[in-house]
Amino acid sequence: MRILGICGSLQARSSNLALLRVAAAAAVSAGVELVIFDGVRALPHFSPDLEAAGPPESVALWRNALATSDALLIACPEYGFSLPGALKNAIDWVIGSGELETKVVAITAAVPARERGRRGLRALQDTLSAVRASIVGGEPIPLGPHFEQEVKDLVERLIAAARCAGNWKLETGN
């Protein structure tokens, strides 16, 4: 099974990127590959006109990363009570092409306190409804003593949901 990790923040030392690294370690211990995709920053602003001669290379790489993944884990900070523009742009690039359609997607945010980040996650969930994604999680994970365990629990729930969805089982024959 292959899970694609997406960080909604472009910041080099993002706590959401740290969350994805913890998730990748948890996935390995469960016998699953979690690959962190860093190409969101390279995507041009969404414009159907850019596809007239075929999608830009960065868009093709993004679409391929999604198409070859069984599930996604998105760690999304809240910017202005919503999701980051770069992440929204990335999703816009695949709404029409379908690589994200009906995927199992876990969403969360690394936050300083549990009450933070909820509006951003709601906005992300609303955006993902355009591709009929099957959402796992949706709650922020506070930084602190239980952070790693909560991330591990979310990864386990994501793996179970992806297996139940059947895509992984059908493709691998397991």
# chains A, B, ... in the order shown; residues from 1 in each chain; ligands from 1
$ residues_around --residues "A:Val104" --least-positions-apart "6" --cutoff "6 Å" --atoms "only C-alpha atoms" --output "PyMOL selection string"
chain A and resi 71+133-134+162
$ write_last_selection --atoms "C-alpha atoms" --output "compact mmCIF listing (two decimals), in the first residue's frame"
# COMPACT_ATOMS: atom_id res chain seq x y z
CA ALA A 71 -4.70 6.90 -0.04
CA ALA A 133 -13.14 11.92 -1.19
CA SER A 134 -13.74 9.54 1.69
CA ALA A 162 -8.03 2.26 2.50
$ select_by_dssp --residues "chain A" --states "alpha helix (DSSP H)" --output "NGL selection string"
:A and (15-29 or 57-67 or 85-95 or 118-128 or 147-165 or 167-172)
$ select_by_dssp --residues "chain A" --states "strand (DSSP E or B)" --output "PyMOL selection string"
chain A and resi 2-7+33-37+71-75+79+82+104-108+110-111+134-137+141-142
$ write_last_selection --atoms "N, CA and C atoms" --output "mmCIF file, in the first residue's frame"
data_model
loop_
_atom_site.group_PDB
_atom_site.id
_atom_site.type_symbol
_atom_site.label_atom_id
_atom_site.label_comp_id
_atom_site.auth_asym_id
_atom_site.auth_seq_id
_atom_site.Cartn_x
_atom_site.Cartn_y
_atom_site.Cartn_z
ATOM 1 N N ARG A 2 0.460 2.230 -0.751
ATOM 2 C CA ARG A 2 1.217 3.479 -0.842
ATOM 3 C C ARG A 2 0.309 4.639 -0.450
ATOM 4 N N ILE A 3 0.742 5.383 0.551
ATOM 5 C CA ILE A 3 0.025 6.578 1.006
ATOM 6 C C ILE A 3 0.846 7.793 0.592
ATOM 7 N N LEU A 4 0.181 8.789 0.057
ATOM 8 C CA LEU A 4 0.840 10.030 -0.317
ATOM 9 C C LEU A 4 0.610 11.056 0.789
ATOM 10 N N GLY A 5 1.677 11.589 1.337
ATOM 11 C CA GLY A 5 1.593 12.618 2.366
ATOM 12 C C GLY A 5 1.712 13.995 1.736
ATOM 13 N N ILE A 6 0.776 14.868 2.048
ATOM 14 C CA ILE A 6 0.753 16.223 1.498
ATOM 15 C C ILE A 6 0.770 17.217 2.645
ATOM 16 N N CYS A 7 1.718 18.139 2.603
ATOM 17 C CA CYS A 7 1.777 19.195 3.614
ATOM 18 C C CYS A 7 1.152 20.452 3.031
ATOM 19 N N GLU A 33 4.036 2.024 2.863
ATOM 20 C CA GLU A 33 4.905 3.116 2.414
ATOM 21 C C GLU A 33 4.121 4.430 2.445
ATOM 22 N N LEU A 34 4.660 5.448 3.107
ATOM 23 C CA LEU A 34 4.090 6.785 3.068
ATOM 24 C C LEU A 34 5.148 7.702 2.466
ATOM 25 N N VAL A 35 4.842 8.234 1.302
ATOM 26 C CA VAL A 35 5.752 9.103 0.566
ATOM 27 C C VAL A 35 5.278 10.537 0.716
ATOM 28 N N ILE A 36 6.172 11.419 1.154
ATOM 29 C CA ILE A 36 5.825 12.835 1.286
ATOM 30 C C ILE A 36 6.072 13.529 -0.049
ATOM 31 N N PHE A 37 5.025 14.133 -0.592
ATOM 32 C CA PHE A 37 5.094 14.842 -1.873
ATOM 33 C C PHE A 37 5.372 16.317 -1.611
ATOM 34 N N ALA A 71 -4.038 6.004 -0.984
ATOM 35 C CA ALA A 71 -4.705 6.903 -0.041
ATOM 36 C C ALA A 71 -3.814 8.117 0.166
ATOM 37 N N LEU A 72 -4.359 9.134 0.825
ATOM 38 C CA LEU A 72 -3.603 10.351 1.118
ATOM 39 C C LEU A 72 -3.712 10.698 2.588
ATOM 40 N N LEU A 73 -2.691 11.374 3.070
ATOM 41 C CA LEU A 73 -2.718 11.999 4.387
ATOM 42 C C LEU A 73 -2.339 13.454 4.168
ATOM 43 N N ILE A 74 -3.270 14.349 4.453
ATOM 44 C CA ILE A 74 -3.014 15.774 4.290
ATOM 45 C C ILE A 74 -2.915 16.412 5.671
ATOM 46 N N ALA A 75 -1.771 17.051 5.920
ATOM 47 C CA ALA A 75 -1.551 17.812 7.154
ATOM 48 C C ALA A 75 -1.675 19.281 6.767
ATOM 49 N N TYR A 79 -5.008 28.905 7.589
ATOM 50 C CA TYR A 79 -4.583 30.254 7.203
ATOM 51 C C TYR A 79 -5.848 31.091 7.007
ATOM 52 N N SER A 82 -9.140 29.287 6.893
ATOM 53 C CA SER A 82 -9.378 28.424 5.742
ATOM 54 C C SER A 82 -8.129 27.584 5.473
ATOM 55 N N VAL A 104 -9.463 7.749 -0.526
ATOM 56 C CA VAL A 104 -9.523 7.800 0.929
ATOM 57 C C VAL A 104 -8.465 8.804 1.363
ATOM 58 N N VAL A 105 -8.897 9.819 2.112
ATOM 59 C CA VAL A 105 -8.006 10.905 2.496
ATOM 60 C C VAL A 105 -8.146 11.185 3.985
ATOM 61 N N ALA A 106 -7.042 11.044 4.704
ATOM 62 C CA ALA A 106 -7.027 11.457 6.116
ATOM 63 C C ALA A 106 -6.597 12.912 6.156
ATOM 64 N N ILE A 107 -7.299 13.705 6.964
ATOM 65 C CA ILE A 107 -6.931 15.109 7.109
ATOM 66 C C ILE A 107 -6.750 15.444 8.587
ATOM 67 N N THR A 108 -5.752 16.269 8.846
ATOM 68 C CA THR A 108 -5.485 16.721 10.207
ATOM 69 C C THR A 108 -4.624 17.973 10.138
ATOM 70 N N ALA A 110 -1.352 19.829 12.632
ATOM 71 C CA ALA A 110 -0.533 19.915 13.844
ATOM 72 C C ALA A 110 -0.771 21.301 14.422
ATOM 73 N N VAL A 111 -1.256 21.360 15.656
ATOM 74 C CA VAL A 111 -1.663 22.631 16.258
ATOM 75 C C VAL A 111 -1.085 22.788 17.663
ATOM 76 N N SER A 134 -13.295 10.190 0.454
ATOM 77 C CA SER A 134 -13.744 9.544 1.685
ATOM 78 C C SER A 134 -12.810 10.014 2.801
ATOM 79 N N ILE A 135 -13.341 10.825 3.706
ATOM 80 C CA ILE A 135 -12.518 11.493 4.720
ATOM 81 C C ILE A 135 -12.352 10.627 5.962
ATOM 82 N N VAL A 136 -11.107 10.544 6.422
ATOM 83 C CA VAL A 136 -10.749 9.890 7.681
ATOM 84 C C VAL A 136 -10.190 10.982 8.574
ATOM 85 N N GLY A 137 -10.561 10.971 9.824
ATOM 86 C CA GLY A 137 -10.046 11.975 10.750
ATOM 87 C C GLY A 137 -10.813 13.277 10.614
ATOM 88 N N ILE A 141 -4.420 17.719 15.668
ATOM 89 C CA ILE A 141 -3.619 16.974 16.645
ATOM 90 C C ILE A 141 -2.694 17.959 17.346
ATOM 91 N N PRO A 142 -2.897 18.154 18.650
ATOM 92 C CA PRO A 142 -2.060 19.122 19.366
ATOM 93 C C PRO A 142 -0.635 18.612 19.571
#
$ residues_around --residues "stretch 85-87 of chain A" --least-positions-apart "2" --cutoff "6 Å" --atoms "only C-alpha atoms" --output "list in words"
Gly8, Asn89 and Ala90 of chain A
$ atom_distance --atom1 "atom CA of A:Ala23" --atom2 "atom CA of A:His146"
13.5 Å
$ closest_residue --among "A:Gly31, A:Gly120, A:Pro48, A:Gly96" --to "A:Val155" --atoms "only C-alpha atoms"
A:Gly31
$ closest_residue --among "A:Gly98, A:Gly166, A:Pro140, A:Gly39" --to "A:Arg119" --atoms "only C-alpha atoms"
A:Pro140
$ closest_residue --among "A:Thr127, A:Lys103, A:Ser97, A:Ser14" --to "A:Ala161" --atoms "only C-alpha atoms"
A:Lys103
$ closest_residue --among "A:Gly80, A:Pro44, A:Gly117, A:Pro56" --to "A:Asn16" --atoms "only C-alpha atoms"
A:Gly117
$ closest_residue --among "A:Ala160, A:Ile91, A:Leu100, A:Ala67" --to "A:Val40" --atoms "only C-alpha atoms"
A:Ile91
